[in-house]
Every structure is written in C-alpha cells, then in structure tokens.
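Enquirer: You'll find entry-v4.cif just under this line, and it carries mmCIF, C-alpha atoms.
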```cif
data_my_file
#
loop_
_atom_site.label_atom_id
_atom_site.label_comp_id
_atom_site.auth_asym_id
_atom_site.auth_seq_id
_atom_site.Cartn_x
_atom_site.Cartn_y
_atom_site.Cartn_z
CA MET A 135 -16.98 11.28 -18.06
CA PRO A 136 -20.62 12.33 -17.86
CA GLY A 137 -21.23 14.63 -14.95
CA SER A 138 -17.54 15.30 -14.37
CA SER A 139 -16.44 18.84 -13.73
CA LEU A 140 -13.29 18.22 -15.80
CA THR A 141 -12.96 18.60 -19.57
CA PRO A 142 -10.57 15.92 -20.94
CA GLN A 143 -9.00 17.29 -23.42
CA ARG A 144 24.41 4.67 -25.78
CA THR A 145 25.43 1.41 -24.59
CA GLU A 146 24.60 -2.17 -25.54
CA SER A 147 21.05 -3.37 -25.15
CA PHE A 148 19.43 -6.76 -25.45
CA GLN A 149 16.14 -8.45 -26.30
CA TRP A 150 14.38 -11.34 -24.62
CA LYS A 151 12.03 -13.97 -26.01
CA PRO A 152 8.28 -13.56 -25.39
CA SER A 153 7.01 -14.69 -22.02
CA SER A 154 5.03 -17.83 -21.31
CA ILE A 155 2.21 -15.63 -19.92
CA ASP A 156 0.48 -14.69 -23.16
CA MET A 157 -3.23 -14.66 -22.43
CA GLY A 158 -3.49 -12.44 -19.39
CA LYS A 159 -3.78 -15.46 -17.08
CA LEU A 160 -1.66 -16.52 -14.15
CA SER A 161 -0.95 -20.25 -14.02
CA PRO A 162 1.08 -22.21 -11.45
CA TRP A 163 3.48 -23.36 -14.16
CA SER A 164 4.15 -19.87 -15.49
CA PHE A 165 4.55 -18.55 -11.95
CA PHE A 166 7.19 -21.11 -10.94
CA SER A 167 8.94 -20.71 -14.28
CA GLU A 168 9.10 -16.94 -13.82
CA GLN A 169 10.27 -17.15 -10.21
CA GLY A 170 13.19 -19.39 -11.10
CA ARG A 171 14.68 -17.10 -13.71
CA ASP A 172 17.98 -15.34 -13.33
CA LEU A 173 16.99 -11.89 -14.59
CA PRO A 174 19.31 -9.70 -16.68
CA LEU A 175 20.61 -6.37 -15.49
CA PRO A 176 20.56 -3.61 -18.14
CA ARG A 177 23.94 -2.26 -19.25
CA GLU A 178 22.57 1.18 -20.08
CA LEU A 179 23.96 4.16 -18.18
CA VAL A 180 22.09 7.20 -16.89
CA ASP A 181 24.91 9.72 -17.11
CA GLY A 182 23.56 13.26 -17.24
CA LYS A 183 20.09 12.22 -16.09
CA THR A 184 17.99 12.92 -13.01
CA VAL A 185 16.28 9.93 -11.41
CA VAL A 186 13.72 9.77 -8.58
CA ILE A 187 13.02 6.43 -6.91
CA ALA A 188 10.25 6.33 -4.31
CA GLY A 189 10.35 4.02 -1.31
CA ALA A 190 14.11 3.55 -1.39
CA ASN A 191 15.04 2.76 2.21
CA VAL A 192 14.50 -1.01 2.00
CA GLY A 193 13.76 -3.86 -0.38
CA LEU A 194 13.10 -3.28 -4.06
CA GLY A 195 13.53 0.49 -3.86
CA LEU A 196 16.89 0.29 -2.13
CA GLU A 197 18.22 -2.33 -4.53
CA ALA A 198 16.99 -0.41 -7.58
CA SER A 199 18.59 2.75 -6.18
CA ALA A 200 21.91 0.97 -5.72
CA HIS A 201 21.84 -0.28 -9.31
CA VAL A 202 20.99 3.18 -10.68
CA ALA A 203 23.57 4.90 -8.46
CA ASN A 204 26.26 2.74 -10.06
CA LYS A 205 25.23 3.90 -13.53
CA LYS A 206 26.54 7.45 -13.23
CA PRO A 207 23.40 9.56 -12.79
CA SER A 208 23.67 13.32 -12.71
CA LEU A 209 21.38 13.13 -9.67
CA LEU A 210 19.57 10.27 -7.96
CA ILE A 211 16.94 11.23 -5.37
CA ALA A 212 16.00 8.21 -3.28
CA THR A 213 12.89 8.97 -1.24
CA CYS A 214 12.01 7.61 2.20
CA ARG A 215 9.22 8.21 4.68
CA ASP A 216 11.15 10.51 7.02
CA LYS A 217 14.47 12.30 7.49
CA VAL A 218 15.98 9.58 9.69
CA LYS A 219 15.36 6.92 7.04
CA CYS A 220 16.70 9.30 4.40
CA GLU A 221 19.98 9.68 6.30
CA GLN A 222 20.26 5.92 6.78
CA THR A 223 19.53 5.23 3.11
CA LEU A 224 22.04 7.79 1.90
CA LYS A 225 24.71 6.22 4.09
CA VAL A 226 23.96 2.75 2.69
CA LEU A 227 24.05 3.99 -0.89
CA HIS A 228 27.39 5.73 -0.37
CA GLU A 229 28.80 2.54 1.12
CA ARG A 230 27.49 0.32 -1.67
CA CYS A 231 28.33 2.73 -4.49
CA ALA A 232 31.79 3.86 -3.48
CA GLY A 233 32.73 4.86 -7.03
CA THR A 234 29.77 7.23 -7.40
CA ARG A 235 30.19 10.98 -6.97
CA PRO A 236 28.73 11.90 -3.54
CA ALA A 237 27.05 14.97 -5.01
CA SER A 238 25.03 12.77 -7.39
CA LEU A 239 23.18 11.02 -4.55
CA ASP A 240 20.51 12.53 -2.33
CA SER A 241 17.56 11.35 -0.27
CA TRP A 242 14.39 13.36 0.36
CA PRO A 243 11.41 12.61 2.61
CA LEU A 244 8.23 11.46 0.86
CA GLU A 245 5.34 10.09 2.93
CA LEU A 246 2.72 8.66 0.59
CA SER A 247 0.06 8.36 3.25
CA SER A 248 -0.17 12.18 3.19
CA PHE A 249 -1.31 14.13 0.14
CA ASP A 250 0.23 17.29 1.58
CA ASN A 251 3.57 15.51 1.83
CA VAL A 252 3.37 14.46 -1.83
CA ARG A 253 2.58 18.04 -2.82
CA SER A 254 5.46 19.35 -0.68
CA PHE A 255 7.87 16.92 -2.32
CA VAL A 256 6.86 18.13 -5.78
CA ASP A 257 7.12 21.77 -4.67
CA ARG A 258 10.62 21.10 -3.36
CA PHE A 259 11.63 19.35 -6.56
CA ASN A 260 10.38 22.28 -8.64
CA ALA A 261 12.23 24.77 -6.42
CA GLU A 262 15.47 22.91 -5.64
CA GLY A 263 15.71 20.23 -8.32
CA PRO A 264 17.83 20.43 -11.48
CA LYS A 265 14.84 21.57 -13.63
CA ARG A 266 14.64 18.20 -15.33
CA LEU A 267 13.42 14.72 -14.47
CA ASN A 268 14.28 11.82 -16.74
CA ILE A 269 13.15 8.81 -14.72
CA LEU A 270 10.53 8.39 -11.99
CA VAL A 271 10.17 4.96 -10.37
CA ALA A 272 7.00 4.97 -8.26
CA ASN A 273 7.84 2.00 -6.11
CA ALA A 274 6.54 2.61 -2.61
CA GLY A 275 3.63 0.48 -1.45
CA THR A 276 2.22 -1.12 1.65
CA PHE A 277 0.33 -4.18 2.78
CA LYS A 278 -1.75 -3.93 5.93
CA PRO A 279 -3.67 -6.96 7.23
CA VAL A 280 -6.35 -4.72 8.75
CA TYR A 281 -8.31 -1.72 7.52
CA THR A 282 -6.29 1.45 8.22
CA ARG A 283 -6.96 5.11 7.42
CA THR A 284 -4.51 7.89 6.68
CA GLN A 285 -4.53 11.39 8.13
CA ASP A 286 -6.39 12.39 4.96
CA ASP A 287 -9.10 9.88 5.94
CA TRP A 288 -8.27 7.53 3.06
CA GLU A 289 -7.56 3.82 2.99
CA VAL A 290 -3.81 3.17 3.01
CA MET A 291 -3.52 0.77 0.09
CA SER A 292 -5.72 2.68 -2.30
CA ALA A 293 -5.76 6.26 -1.04
CA LEU A 294 -9.35 7.13 -1.59
CA ILE A 295 -11.71 9.99 -1.19
CA SER A 296 -11.64 12.03 1.98
CA SER A 297 -14.53 13.73 3.73
CA HIS A 298 -13.64 17.18 2.41
CA VAL A 299 -14.09 16.35 -1.28
CA SER A 300 -17.29 16.22 -3.26
CA PHE A 301 -18.16 12.55 -2.86
CA GLN A 302 -18.15 12.82 0.94
CA PHE A 303 -16.64 9.39 1.62
CA ALA A 304 -15.69 8.83 5.23
CA ASN A 305 -13.65 5.90 6.51
CA VAL A 306 -11.35 5.78 3.51
CA ASN A 307 -8.63 3.24 4.16
CA GLU A 308 -4.89 3.69 4.24
CA ARG A 309 -3.87 1.02 1.76
CA LEU A 310 -5.69 2.69 -1.11
CA GLN A 311 -3.88 5.99 -0.57
CA VAL A 312 -0.32 4.69 -0.47
CA ASN A 313 -0.65 2.12 -3.24
CA TYR A 314 -2.84 4.01 -5.67
CA LEU A 315 -3.94 7.62 -5.31
CA SER A 316 -0.74 9.06 -3.88
CA MET A 317 1.27 7.32 -6.60
CA ALA A 318 -1.15 8.74 -9.20
CA LEU A 319 -0.84 12.21 -7.65
CA LEU A 320 2.96 12.05 -7.68
CA SER A 321 3.02 10.82 -11.28
CA ILE A 322 0.66 13.50 -12.58
CA LEU A 323 2.29 16.39 -10.72
CA LEU A 324 5.71 15.40 -12.08
CA LEU A 325 4.40 14.71 -15.60
CA PRO A 326 5.40 18.18 -16.97
CA GLN A 327 9.00 17.70 -15.81
CA LEU A 328 9.14 14.24 -17.35
CA LEU A 329 7.81 15.51 -20.67
CA HIS A 330 9.98 18.62 -20.81
CA SER A 331 13.14 16.61 -20.10
CA ALA A 332 12.63 14.16 -22.95
CA THR A 333 13.05 13.86 -26.68
CA CYS A 334 11.60 11.21 -28.98
CA ASP A 335 15.11 9.76 -29.34
CA ASP A 336 15.68 9.76 -25.59
CA PRO A 337 12.30 9.47 -23.84
CA SER A 338 11.74 9.93 -20.13
CA ARG A 339 10.45 6.98 -18.11
CA LEU A 340 7.63 6.57 -15.61
CA VAL A 341 7.67 3.17 -13.90
CA LEU A 342 4.88 2.09 -11.53
CA VAL A 343 5.55 -1.01 -9.45
CA SER A 344 2.50 -3.26 -9.56
CA SER A 345 2.15 -6.96 -8.77
CA LEU A 346 1.09 -10.29 -10.21
CA GLY A 347 -1.65 -10.05 -7.57
CA HIS A 348 -3.59 -7.85 -10.01
CA TYR A 349 -4.49 -11.06 -11.88
CA LEU A 350 -6.46 -12.13 -8.80
CA ALA A 351 -8.45 -8.95 -8.20
CA GLU A 352 -11.45 -9.46 -10.50
CA PRO A 353 -13.70 -11.38 -8.05
CA VAL A 354 -14.01 -8.41 -5.68
CA LEU A 355 -15.29 -6.25 -8.55
CA THR A 356 -18.45 -8.30 -9.02
CA GLY A 357 -21.32 -5.90 -9.56
CA SER A 358 -19.04 -2.88 -9.93
CA ARG A 359 -21.04 -1.57 -12.87
CA ASN A 360 -23.83 -0.83 -10.39
CA TRP A 361 -21.67 1.08 -7.91
CA ASP A 362 -22.42 4.77 -7.59
CA HIS A 363 -18.71 5.50 -7.19
CA VAL A 364 -15.82 3.10 -7.78
CA LEU A 365 -13.37 4.70 -5.36
CA GLY A 366 -15.87 5.33 -2.62
CA THR A 367 -17.11 1.73 -2.69
CA ILE A 368 -13.75 -0.02 -2.54
CA SER A 369 -12.39 2.44 0.00
CA ALA A 370 -15.19 1.94 2.51
CA GLU A 371 -14.58 -0.23 5.57
CA LYS A 372 -17.77 -2.17 4.84
CA PHE A 373 -16.44 -3.25 1.42
CA ARG A 374 -16.30 -7.02 1.77
CA ALA A 375 -12.71 -7.84 0.90
CA SER A 376 -9.79 -9.22 2.87
CA GLY A 377 -6.54 -7.34 3.33
CA MET A 378 -4.91 -9.40 0.58
CA SER A 379 -7.86 -8.84 -1.78
CA ARG A 380 -7.66 -5.09 -1.18
CA TYR A 381 -3.93 -5.21 -1.89
CA ASN A 382 -4.47 -7.11 -5.15
CA LEU A 383 -7.17 -4.64 -6.15
CA SER A 384 -4.91 -1.66 -5.48
CA LYS A 385 -2.38 -3.24 -7.84
CA MET A 386 -5.03 -3.67 -10.52
CA LEU A 387 -5.88 0.02 -10.14
CA GLN A 388 -2.23 0.85 -10.84
CA VAL A 389 -2.25 -1.17 -14.08
CA ALA A 390 -5.53 0.47 -15.14
CA PHE A 391 -4.01 3.90 -14.41
CA VAL A 392 -0.98 3.14 -16.59
CA ARG A 393 -3.23 2.07 -19.47
CA LYS A 394 -5.44 5.16 -19.28
CA LEU A 395 -2.56 7.61 -18.82
CA THR A 396 -0.78 6.08 -21.81
CA ALA A 397 -3.91 6.33 -23.95
CA ARG A 398 -4.28 10.05 -23.23
CA LEU A 399 -0.75 11.04 -24.13
CA PRO A 400 -0.07 12.16 -27.72
CA SER A 401 1.37 9.53 -30.05
CA PRO A 402 4.28 9.44 -30.48
CA THR A 403 5.20 10.69 -27.04
CA PRO A 404 8.61 11.39 -25.44
CA LEU A 405 7.51 9.58 -22.27
CA VAL A 406 7.46 5.81 -21.76
CA ILE A 407 5.08 4.58 -19.05
CA THR A 408 5.31 1.02 -17.74
CA ALA A 409 3.76 -1.06 -14.95
CA VAL A 410 6.08 -3.76 -13.63
CA ASP A 411 5.74 -6.89 -11.52
CA PRO A 412 8.90 -7.68 -9.52
CA GLY A 413 7.61 -11.16 -8.67
CA LEU A 414 7.36 -12.69 -5.22
CA CYS A 415 10.36 -11.36 -3.30
CA HIS A 416 11.94 -11.43 0.11
CA SER A 417 11.14 -7.84 1.02
CA SER A 418 9.71 -5.74 3.81
CA LEU A 419 6.22 -5.63 2.27
CA GLN A 420 4.91 -8.21 4.75
CA ARG A 421 6.58 -6.59 7.76
CA GLU A 422 3.22 -6.00 9.47
CA LEU A 423 2.56 -9.74 9.42
CA GLU A 424 6.11 -10.68 10.37
CA LYS A 425 5.75 -8.94 13.71
CA TYR A 426 4.08 -12.16 14.89
CA CYS A 427 6.40 -15.13 15.38
CA LEU A 428 4.06 -17.81 14.03
CA LEU A 429 3.11 -15.77 10.96
CA ARG A 430 6.77 -14.98 10.35
CA MET A 431 7.58 -18.70 10.31
CA ILE A 432 4.65 -19.49 8.02
CA LEU A 433 5.62 -16.70 5.61
CA ALA A 434 9.22 -17.89 5.54
CA PHE A 435 8.07 -21.40 4.63
CA VAL A 436 5.66 -20.13 1.97
CA LYS A 437 8.34 -17.95 0.40
CA TRP A 438 10.74 -20.88 0.32
CA LEU A 439 8.06 -23.11 -1.21
CA LEU A 440 7.18 -20.52 -3.86
CA ARG A 441 10.83 -19.79 -4.71
CA ALA A 442 10.76 -16.17 -3.60
CA ARG A 443 13.38 -13.97 -5.22
CA THR A 444 15.83 -11.75 -3.43
CA SER A 445 14.92 -8.06 -3.47
CA GLU A 446 17.97 -7.47 -5.65
CA MET A 447 16.72 -9.92 -8.28
CA GLY A 448 13.20 -8.50 -8.17
CA SER A 449 14.54 -4.96 -8.57
CA ARG A 450 16.02 -5.82 -11.95
CA THR A 451 12.66 -5.57 -13.68
CA LEU A 452 12.27 -2.05 -12.27
CA VAL A 453 15.72 -1.12 -13.55
CA TYR A 454 15.03 -2.71 -16.94
CA ALA A 455 11.84 -0.69 -17.41
CA ALA A 456 13.70 2.48 -16.40
CA LEU A 457 16.81 2.01 -18.56
CA ALA A 458 16.42 -0.47 -21.44
CA THR A 459 16.89 1.07 -24.88
CA ASN A 460 13.89 -0.66 -26.49
CA ALA A 461 11.75 2.00 -24.82
CA GLN A 462 8.81 2.20 -27.22
CA ASP A 463 8.28 -1.55 -26.93
CA LEU A 464 7.55 -0.97 -23.23
CA HIS A 465 5.21 2.03 -23.50
CA GLY A 466 1.86 1.44 -21.84
CA LYS A 467 2.77 -2.17 -21.12
CA TYR A 468 2.84 -4.48 -18.13
CA MET A 469 6.13 -6.26 -17.48
CA SER A 470 7.18 -9.32 -15.53
CA SER A 471 10.68 -10.80 -15.37
CA CYS A 472 12.00 -8.09 -17.72
CA GLU A 473 9.46 -9.02 -20.40
CA VAL A 474 6.27 -7.49 -21.68
CA VAL A 475 3.33 -9.72 -20.77
CA GLU A 476 -0.42 -9.31 -21.00
CA GLU A 477 -2.48 -7.74 -18.25
CA CYS A 478 -5.34 -9.56 -16.59
CA ASP A 479 -8.24 -10.46 -18.89
CA TYR A 480 -10.62 -8.26 -16.92
CA LEU A 481 -8.85 -5.02 -17.88
CA LEU A 482 -8.89 -6.08 -21.54
CA SER A 483 -12.62 -6.87 -21.52
CA ALA A 484 -15.43 -4.42 -22.35
CA GLU A 485 -16.48 -4.39 -18.69
CA GLY A 486 -12.93 -3.79 -17.54
CA LYS A 487 -12.44 -0.94 -20.00
CA ALA A 488 -15.62 0.72 -18.76
CA PHE A 489 -14.45 0.25 -15.17
CA SER A 490 -11.07 1.79 -16.05
CA GLU A 491 -12.74 4.81 -17.66
CA ARG A 492 -14.83 5.46 -14.55
CA LEU A 493 -11.78 4.95 -12.35
CA TRP A 494 -9.75 7.44 -14.40
CA TRP A 495 -12.26 10.26 -14.13
CA GLU A 496 -12.98 9.65 -10.45
CA THR A 497 -9.23 9.68 -9.81
CA ILE A 498 -8.75 12.95 -11.69
CA GLU A 499 -11.69 14.56 -9.90
CA VAL A 500 -10.43 13.52 -6.48
CA LEU A 501 -6.83 14.58 -7.14
CA SER A 502 -7.92 17.89 -8.65
CA LYS A 503 -9.49 18.74 -5.30
CA VAL A 504 -6.25 17.80 -3.56
CA ASP A 505 -4.15 19.99 -5.90
CA ASP A 506 -5.56 22.23 -8.61
CA ARG A 507 -2.44 21.66 -10.72
CA VAL A 508 -3.84 18.23 -11.58
CA SER A 509 -6.70 19.59 -13.70
CA GLN A 510 -4.33 22.04 -15.38
CA ILE A 511 -1.91 19.25 -16.28
CA VAL A 512 -4.73 17.06 -17.59
CA SER A 513 -6.08 19.82 -19.84
CA THR A 514 -2.60 20.82 -21.06
CA TYR A 515 -0.88 17.49 -21.63
CA LEU A 516 -3.49 14.73 -21.77
CA LEU A 517 -5.85 14.32 -24.69
CA ALA A 518 -9.51 13.32 -24.50
CA LYS A 519 -10.10 9.74 -25.67
#
```
Written as structure tokens, how would this file's structure read?

Expert:
Amino acid sequence: MPGSSLTPQRTESFQWKPSSIDMGKLSPWSFFSEQGRDLPLPRELVDGKTVVIAGANVGLGLEASAHVANKKPSLLIATCRDKVKCEQTLKVLHERCAGTRPASLDSWPLELSSFDNVRSFVDRFNAEGPKRLNILVANAGTFKPVYTRTQDDWEVMSALISSHVSFQFANVNERLQVNYLSMALLSILLLPQLLHSATCDDPSRLVLVSSLGHYLAEPVLTGSRNWDHVLGTISAEKFRASGMSRYNLSKMLQVAFVRKLTARLPSPTPLVITAVDPGLCHSSLQRELEKYCLLRMILAFVKWLLRARTSEMGSRTLVYAALATNAQDLHGKYMSSCEVVEECDYLLSAEGKAFSERLWWETIEVLSKVDDRVSQIVSTYLLAK
C-alpha cells in the first residue's frame, strides 16, 4: 500500500449440493429456504488436536464447543470474557460431555474489547499451551444499539484506531473492535502456531464467524473511495450509520479480511481459512435489545416469523468449517448452511477489491502498533500480492 510503513512481502465425510445463493445476492426465497434446513453435523473427530473456540460461554460458541468436546480433542480451550464465565462454561461442558476426558477441556479468559487482553491470551497460549494449534474458531461478536467505545478508544463492533496510533482517530467505537480488529489481531498472532501444526494432508483451520448481514453493508460505503482512511471514517461517531448498519459492515470487514489473508498465504498452504454465516439464530447476540420488554417481544415475534434457528443448529456450520475433510474446497470461501456460497457482489467488484486492499493495509498498520509481532508475522508468512 502506497505510503505504508510495512513491506508486504479419518472418518467418513460427505458432500452437499451447491447452494441456491449463487450470485452473491441475498433474496427472501433463498433466506427462508436456508433457514428451514436441517443442517448436517460432521462425523470427523479431532483426536490428538488442539482447538480454541472464542466466545464460548453462550450461544453459537457454547454449542460449537460442546460438539467439538464430544469429538475427542487432545485439548479444547473455550474462551469467555472473564474467569467467572470460564468456570461456568467449563462446568456446563463437563456436564454435557460426560464421556470426554476432563483434562482435555479448559476455559481461558479472552476479552475482545481489550487489545492487551488479546495479547495476554496469545502470550499465555505460547507459554502454557501444547505448542500446537490445529483449529481456531473466532466466534465472539457483539451487537450494540448505540455507539460504544472500548478502553482502547475503539468502536466495539469494528475495533478501530485509537488515539495513540499514527492516524490519531478519537472516538473509535466498541463494535468495530470486538467484531473486527480484535478478531484480526487474534488470528494473525496465532497464525504461526496454526501453520506449524499443519501438513498439506492435514491442514489447520481458521474459522471466522461472519453473517448474512454482510450482503446488506454496501450502501454505507458510498463514497468510500474518497475517504482519507477507511477505518477512521467508519469508526467515528459522526459516521452516519445505524447500529445494525455498523454491525453489517463489521461482518463485511471480516469477509474481506478472510479473502485478503487467504490471497497472501502461499499456495498450496497447510491452513484453511473460512468465513461462515450461522444464519439467523436464537442467541444472545441481541441481549442488549432484549433488556427492554417491548423490544424483547418484538424480537421474539420477528425471529418466529423469520424461522430463526436454534443456536445448536446454527453452530453446525462452524463445526463443519472446522472439521469437514473436504478442506481445500473451503479455503478462502464464505459458507452458509454448511455450503460454500458467493460473497456479496461488492467485494467481488473492482471497487470492492480496492476497498479490501486499503482495509488490509490499514488493518496491518494499526495492529502492528498494537503488537510488533504482527509486522514480523506478515513479513515472514504472508506474501505480497
């Protein structure tokens, strides 16, 4: 990027038919068809492997953790925001996975609204972990109806640039940090472990949990080619977008990140990276809205009307991306209902590709100032494209 300080350099499996979403567009018919499906659960085991699942105390993360725990992992680390939630989650997993060795389950704190906490988690994994990481499911996310900042002065859903880095963006909101930059930071810092633990015959997996909402994010990017900085603009409080629009945009950023990270890895690579959409689910994502009785009733009706899935059913796409044996078919792809589908048209367009390139280099520059290991990992493992 011009002006950047960085120099890029064993069990049965099954196949599904192509999805009805084939042109990067979200239609009412395809949505209702997807929501009504009974999704398969992979038969593959994870014996001898280390798995980390972020955001595991409730909803999709908890259900995915329960599925993985029953597949004989060498070690499953289910992360939660604090020690109390970790203890509660570990108790639930032991109760639901009675046949699993207790020593193979653990729960560590990981607070994605804090960059320091992400760095501390990685430091702990490097010091105390089993020296390998086969699967990372970056699931945690948040939806806030109002603009909220983290302690790093970033927007929660996108995790953007704080006042102490070069772009000098104040008022960065909380959504951006949790849903985008902290997940990118975690993924990049753990990239060496994922690569070193894999072979071409048995690749490691990196799964980022996105959303069908990314199909709806393009309108808020009108005029983005004229923005001085992508991250600074969408992180600012004055950026004219509703809470839902910011959420959808943060999910588009995740898909763009998966595409750019995939493109910069050598080919072939022993790491399979996938963005997944769990569908509309009954989960705790809308818990901020459900604090209000009327909104809780409205949301319940809307979920019923739109055939919302259970969290357990939604988690199956996460588990599929993490375990299915047709790994190379999933690399760099976006999945919905356990199938590879096409991303939104915007990301496939010339304008969207240019936006994604700017986003990538801004992300790397920001994260390199958070942790200097980021630039080292980029120069060592990721090729210039």

Enquirer: Which residues would end up in the selection if the PyMOL selection byres ((chain A and resi 462) around 12) were applied here, given that I need the answer as a PDB file with C-alpha atoms, in the frame of the given file?

Expert:
```pdb
ATOM      1  CA  CYS A 334      11.600  11.210 -28.980  1.00  0.00           C
ATOM      2  CA  ASP A 335      15.110   9.760 -29.340  1.00  0.00           C
ATOM      3  CA  ASP A 336      15.680   9.760 -25.590  1.00  0.00           C
ATOM      4  CA  PRO A 337      12.300   9.470 -23.840  1.00  0.00           C
ATOM      5  CA  SER A 338      11.740   9.930 -20.130  1.00  0.00           C
ATOM      6  CA  ARG A 339      10.450   6.980 -18.110  1.00  0.00           C
ATOM      7  CA  THR A 396      -0.780   6.080 -21.810  1.00  0.00           C
ATOM      8  CA  SER A 401       1.370   9.530 -30.050  1.00  0.00           C
ATOM      9  CA  PRO A 402       4.280   9.440 -30.480  1.00  0.00           C
ATOM     10  CA  THR A 403       5.200  10.690 -27.040  1.00  0.00           C
ATOM     11  CA  PRO A 404       8.610  11.390 -25.440  1.00  0.00           C
ATOM     12  CA  LEU A 405       7.510   9.580 -22.270  1.00  0.00           C
ATOM     13  CA  VAL A 406       7.460   5.810 -21.760  1.00  0.00           C
ATOM     14  CA  ILE A 407       5.080   4.580 -19.050  1.00  0.00           C
ATOM     15  CA  THR A 408       5.310   1.020 -17.740  1.00  0.00           C
ATOM     16  CA  ALA A 455      11.840  -0.690 -17.410  1.00  0.00           C
ATOM     17  CA  ALA A 456      13.700   2.480 -16.400  1.00  0.00           C
ATOM     18  CA  LEU A 457      16.810   2.010 -18.560  1.00  0.00           C
ATOM     19  CA  ALA A 458      16.420  -0.470 -21.440  1.00  0.00           C
ATOM     20  CA  THR A 459      16.890   1.070 -24.880  1.00  0.00           C
ATOM     21  CA  ASN A 460      13.890  -0.660 -26.490  1.00  0.00           C
ATOM     22  CA  ALA A 461      11.750   2.000 -24.820  1.00  0.00           C
ATOM     23  CA  ASP A 463       8.280  -1.550 -26.930  1.00  0.00           C
ATOM     24  CA  LEU A 464       7.550  -0.970 -23.230  1.00  0.00           C
ATOM     25  CA  HIS A 465       5.210   2.030 -23.500  1.00  0.00           C
ATOM     26  CA  GLY A 466       1.860   1.440 -21.840  1.00  0.00           C
ATOM     27  CA  LYS A 467       2.770  -2.170 -21.120  1.00  0.00           C
ATOM     28  CA  VAL A 474       6.270  -7.490 -21.680  1.00  0.00           C
TER      29      VAL A 474
END
```

Enquirer: For a test of reading the model, state the distance in Å between CA of Leu517 (chain A) and CA of Lys394 (chain A), rounded to one decimal.

Expert: 10.6 Å

Enquirer: Which of these residues is nearest to Met317 (chain A), using all atoms listed in the file: A:Thr497, A:Thr444, A:Thr184, A:Thr367?

Expert: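 Of the candidates, the smallest distance to Met317 (chain A) is held by A:Thr497.
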
Enquirer: Kindly give the distance, in Å, that separates CA of Arg253 (chain A) and CA of Ser502 (chain A), rounded to a single decimal.

Expert: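 Rounded to one decimal, the two atoms are 12.0 Å apart.
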
Enquirer: Need the shell around Gly170 (chain A): protein/DNA/RNA residues with any atom at most 9 Å away, counting all atoms listed in the file. Skip same-chain ones fewer than 2 positions apart. Format as number ranges by chain?

Expert: A: 165-168, 172, 441-443

Enquirer: With all atoms listed in the file as the atoms that count, which of A:Ser161, A:Ser449, A:Gln388, A:Thr356 lies nearest to Gly195 (chain A)?

Expert: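 Nearest candidate to Gly195 (chain A) out of A:Ser161, A:Ser449, A:Gln388, A:Thr356: A:Ser449.
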
Enquirer: Closest to Arg177 (chain A) among A:Arg258, A:Val192, A:Val202, A:Leu227, using all atoms listed in the file?

Expert: A:Val202

Enquirer: Under the PyMOL selection byres ((chain A and resi 479-489) around 7), which residues of this model are included? Write them out as JSON, numbers by chain.

Expert: {"A": [158, 159, 352, 390, 477, 478, 490, 491, 492, 493]}

Enquirer: As an exercise, work out the distance from CA of Thr213 (chain A) to CA of Ala272 (chain A) in Å and give it to one decimal place.

Expert: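 These two atoms are separated by 10.0 Å.
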
Enquirer: To verify the selection step, state as a VMD selection string which residues the PyMOL selection byres ((chain A and resi 326) around 10) yields on this input.

Expert: chain A and resid 266 to 267 321 to 325 327 to 331 511 514 to 515

Enquirer: Given only C-alpha atoms as the basis, pick out the residue of A:Met447, A:Leu395, A:Ala232, A:Ala409 nearest to Leu175 (chain A).

Expert: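 Among the listed residues, the smallest separation from Leu175 (chain A) belongs to A:Met447.
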
Enquirer: Fewer than 5 positions away in the same chain doesn't count, so skip those; otherwise give me all residues within 10 Å of Ile187 (chain A), counting only C-alpha atoms, as a PyMOL selection string.

Expert: chain A and resi 195-196+198-199+202+210-214+241+269-274+341

Enquirer: Draw an axis-aligned box tight on the listed atoms of region 201-204 of chain A, then pad every side by 8 Å and write out centre and edge lengths in Å to one decimal as AutoDock Vina command-line options.

Expert:
```
--center_x 23.6 --center_y 2.3 --center_z -9.6 --size_x 21.3 --size_y 21.2 --size_z 18.2
```

Enquirer: I want to know what sits within 10 Å of Ser208 (chain A), based on all atoms listed in the file, with residues of the same chain fewer than 5 positions away left out; could you give that as JSON, numbers by chain?

Expert: {"A": [180, 181, 182, 183, 184, 185, 203, 235, 237, 238, 239, 264]}

Enquirer: Taking C-alpha atoms for each residue, export the selection above as a short mmCIF file (atom, residue, chain, number, x, y, z; two decimals), in the frame of the given file.

Expert:
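Saved file result.cif follows:
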```
data_model
loop_
_atom_site.label_atom_id
_atom_site.label_comp_id
_atom_site.auth_asym_id
_atom_site.auth_seq_id
_atom_site.Cartn_x
_atom_site.Cartn_y
_atom_site.Cartn_z
CA VAL A 180 22.09 7.20 -16.89
CA ASP A 181 24.91 9.72 -17.11
CA GLY A 182 23.56 13.26 -17.24
CA LYS A 183 20.09 12.22 -16.09
CA THR A 184 17.99 12.92 -13.01
CA VAL A 185 16.28 9.93 -11.41
CA ALA A 203 23.57 4.90 -8.46
CA ARG A 235 30.19 10.98 -6.97
CA ALA A 237 27.05 14.97 -5.01
CA SER A 238 25.03 12.77 -7.39
CA LEU A 239 23.18 11.02 -4.55
CA PRO A 264 17.83 20.43 -11.48
#
```

Enquirer: Please return as a ChimeraX atom specification every residue within 8 Å of (0.7, -2.7, -13.7), taking into account all atoms listed in the file and the file's own coordinates.

Expert: /A:342-345,348,385-390,392,408-411,467-469,477

Enquirer: Smallest atom-to-atom distance to Gly193 (chain A): which of A:Val354, A:Pro162, A:Val475, A:Thr223, using all atoms listed in the file?

Expert: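 For Gly193 (chain A), the nearest of the candidates is A:Thr223.
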